[in-house]
Amino acid sequence: KKAVSDEISTLQGNINARYSEIASEQAVINDIESKITASENKINTIQGEIVKVEKEIEIVKVNISEKEKEIKYKEELLGKRLRNLYKNNVYEKFVVVLMESEGLSDLVSRVATISRVIITDNALINEIENLKTQLMADKEKLDSQAHELEVNKQKVLEEQASLKGARAEREEKKKQLNAKIEELRVLEAEQQSKYANLSAEEKSLKAEIHEIDEI
């Protein structure tokens, strides 16, 4: 009987150890689960940023295309105007027009007309320069966004690799946990068997004592 009791006591110690190991394994799994959730959330956030930047890039590309077309049109228009002015010696004619003016009022009127021509050309030149400045800014923005996009895509790849590793680790830990649980079941079944044997021995012992008492 003492031997059986000792065995039961030893089994109980092993069972307690398994419960402790199971709790520890479960805590590790819970920690991995938290990391997986955080990683998935991070990936979703970065992918949201990628979609946002990709849309912004498309808008900037459209702006660049439109500005390039507008610059080309205005440069062609300016070139055409300047060629016509040069071809027709307009600036020399300006002097003649001023010299042929009849009185101060006519002179002022002719100067105003000439000024409008010059102002129109200058305005066109300024428009082209402003467009080129805006175009340069758009291209710099596009380069910056393209770089940001590549950085985010790299982050997603790294995070996905980390997530894959965490999921693999989780599966391995679950296997270990299930093995511990199975070991626990075996130990508890063995312990129940020992208890049953001990109970049978006690009954047998009681029966023997009863028989002795009846003699």
# chains A, B, ... in the order shown; residues from 1 in each chain; ligands from 1

$ residues_around --residues "stretch 65-73 of chain A" --least-positions-apart "4" --cutoff "12 Å" --atoms "only C-alpha atoms" --output "MDAnalysis selection string"
chainID A and resid 58:61 77:80 124:139

$ residues_around --residues "A:Glu56" --least-positions-apart "2" --cutoff "12 Å" --atoms "only C-alpha atoms" --output "list in words"
Glu49, Ile50, Val51, Lys52, Val53, Glu54, Glu58, Ile59, Val60, Lys61, Val62, Asn63, Asp138, Lys141, Leu142, Asp143, Ser144, Gln145, Ala146, Glu148 and Leu149 of chain A

$ closest_residue --among "A:Ile36, A:Ile64, A:Ala123, A:Val28" --to "A:Ala161" --atoms "only C-alpha atoms"
A:Ile36

$ residues_around --residues "A:Ala27" --least-positions-apart "6" --cutoff "12 Å" --atoms "only C-alpha atoms" --output "count of residues only"
8

$ closest_atom_pairs --of "stretch 121-203 of chain A" --to "stretch 11-15 of chain A" --cutoff "12 Å" --atoms "only C-alpha atoms" --output "Markdown table"
| residue | atom | partner | partner_atom | distance |
| --- | --- | --- | --- | --- |
| A:Lys180 | CA | A:Ile15 | CA | 10.1 |
| A:Ile181 | CA | A:Ile15 | CA | 10.1 |
| A:Glu182 | CA | A:Ile15 | CA | 11.3 |
| A:Glu183 | CA | A:Ile15 | CA | 8.7 |
| A:Leu184 | CA | A:Ile15 | CA | 6.0 |
| A:Arg185 | CA | A:Ile15 | CA | 8.9 |
| A:Val186 | CA | A:Ile15 | CA | 9.5 |
| A:Leu187 | CA | A:Ile15 | CA | 6.3 |
| A:Glu188 | CA | A:Ile15 | CA | 7.0 |
| A:Ala189 | CA | A:Leu11 | CA | 10.1 |
| A:Glu190 | CA | A:Leu11 | CA | 7.9 |
| A:Gln191 | CA | A:Leu11 | CA | 6.2 |
| A:Gln192 | CA | A:Leu11 | CA | 10.0 |
| A:Ser193 | CA | A:Leu11 | CA | 11.1 |
| A:Lys194 | CA | A:Leu11 | CA | 9.4 |
| A:Tyr195 | CA | A:Leu11 | CA | 10.9 |

$ write_last_selection --atoms "N, CA and C atoms" --output "PDB file, in the first residue's frame"
ATOM      1  N   LYS A 180       2.160  18.338 -24.260  1.00  0.00           N
ATOM      2  CA  LYS A 180       2.108  18.437 -22.792  1.00  0.00           C
ATOM      3  C   LYS A 180       0.729  18.036 -22.266  1.00  0.00           C
ATOM      4  N   ILE A 181      -0.312  18.478 -22.980  1.00  0.00           N
ATOM      5  CA  ILE A 181      -1.680  18.136 -22.558  1.00  0.00           C
ATOM      6  C   ILE A 181      -1.898  16.632 -22.635  1.00  0.00           C
ATOM      7  N   GLU A 182      -1.366  16.012 -23.676  1.00  0.00           N
ATOM      8  CA  GLU A 182      -1.498  14.559 -23.828  1.00  0.00           C
ATOM      9  C   GLU A 182      -0.735  13.830 -22.727  1.00  0.00           C
ATOM     10  N   GLU A 183       0.469  14.337 -22.413  1.00  0.00           N
ATOM     11  CA  GLU A 183       1.252  13.755 -21.315  1.00  0.00           C
ATOM     12  C   GLU A 183       0.467  13.863 -20.008  1.00  0.00           C
ATOM     13  N   LEU A 184      -0.195  15.014 -19.818  1.00  0.00           N
ATOM     14  CA  LEU A 184      -0.983  15.225 -18.606  1.00  0.00           C
ATOM     15  C   LEU A 184      -2.131  14.221 -18.521  1.00  0.00           C
ATOM     16  N   ARG A 185      -2.786  13.997 -19.644  1.00  0.00           N
ATOM     17  CA  ARG A 185      -3.896  13.036 -19.662  1.00  0.00           C
ATOM     18  C   ARG A 185      -3.421  11.619 -19.295  1.00  0.00           C
ATOM     19  N   VAL A 186      -2.263  11.270 -19.840  1.00  0.00           N
ATOM     20  CA  VAL A 186      -1.704   9.946 -19.535  1.00  0.00           C
ATOM     21  C   VAL A 186      -1.389   9.831 -18.049  1.00  0.00           C
ATOM     22  N   LEU A 187      -0.767  10.867 -17.498  1.00  0.00           N
ATOM     23  CA  LEU A 187      -0.413  10.857 -16.071  1.00  0.00           C
ATOM     24  C   LEU A 187      -1.660  10.798 -15.189  1.00  0.00           C
ATOM     25  N   GLU A 188      -2.678  11.587 -15.549  1.00  0.00           N
ATOM     26  CA  GLU A 188      -3.896  11.588 -14.750  1.00  0.00           C
ATOM     27  C   GLU A 188      -4.618  10.245 -14.839  1.00  0.00           C
ATOM     28  N   ALA A 189      -4.589   9.631 -16.037  1.00  0.00           N
ATOM     29  CA  ALA A 189      -5.209   8.307 -16.188  1.00  0.00           C
ATOM     30  C   ALA A 189      -4.468   7.280 -15.345  1.00  0.00           C
ATOM     31  N   GLU A 190      -3.132   7.380 -15.354  1.00  0.00           N
ATOM     32  CA  GLU A 190      -2.316   6.459 -14.555  1.00  0.00           C
ATOM     33  C   GLU A 190      -2.588   6.677 -13.076  1.00  0.00           C
ATOM     34  N   GLN A 191      -2.722   7.940 -12.691  1.00  0.00           N
ATOM     35  CA  GLN A 191      -2.994   8.242 -11.289  1.00  0.00           C
ATOM     36  C   GLN A 191      -4.361   7.670 -10.868  1.00  0.00           C
ATOM     37  N   GLN A 192      -5.355   7.836 -11.737  1.00  0.00           N
ATOM     38  CA  GLN A 192      -6.685   7.289 -11.446  1.00  0.00           C
ATOM     39  C   GLN A 192      -6.632   5.763 -11.306  1.00  0.00           C
ATOM     40  N   SER A 193      -5.802   5.148 -12.146  1.00  0.00           N
ATOM     41  CA  SER A 193      -5.644   3.698 -12.080  1.00  0.00           C
ATOM     42  C   SER A 193      -5.014   3.290 -10.744  1.00  0.00           C
ATOM     43  N   LYS A 194      -3.998   4.072 -10.318  1.00  0.00           N
ATOM     44  CA  LYS A 194      -3.349   3.783  -9.032  1.00  0.00           C
ATOM     45  C   LYS A 194      -4.341   3.946  -7.872  1.00  0.00           C
ATOM     46  N   TYR A 195      -5.152   5.018  -7.962  1.00  0.00           N
ATOM     47  CA  TYR A 195      -6.171   5.226  -6.940  1.00  0.00           C
ATOM     48  C   TYR A 195      -7.148   4.041  -6.891  1.00  0.00           C
TER      49      TYR A 195
END

$ closest_residue --among "A:Ala17, A:Ala179, A:Ala38, A:Ile43" --to "A:Glu158" --atoms "only C-alpha atoms"
A:Ile43

$ atom_distance --atom1 "atom CA of A:Thr37" --atom2 "atom CA of A:Lys155"
16.4 Å

$ atom_distance --atom1 "atom CA of A:Asp31" --atom2 "atom CA of A:Lys175"
16.0 Å

$ closest_residue --among "A:Arg81, A:Gln47, A:Gln176, A:Ile57" --to "A:Leu157" --atoms "only C-alpha atoms"
A:Gln47

$ atom_distance --atom1 "atom CA of A:Asn178" --atom2 "atom CA of A:Glu40"
25.5 Å

$ closest_residue --among "A:Ile8, A:Ile22, A:Ile32, A:Gly48" --to "A:Lys153" --atoms "only C-alpha atoms"
A:Gly48
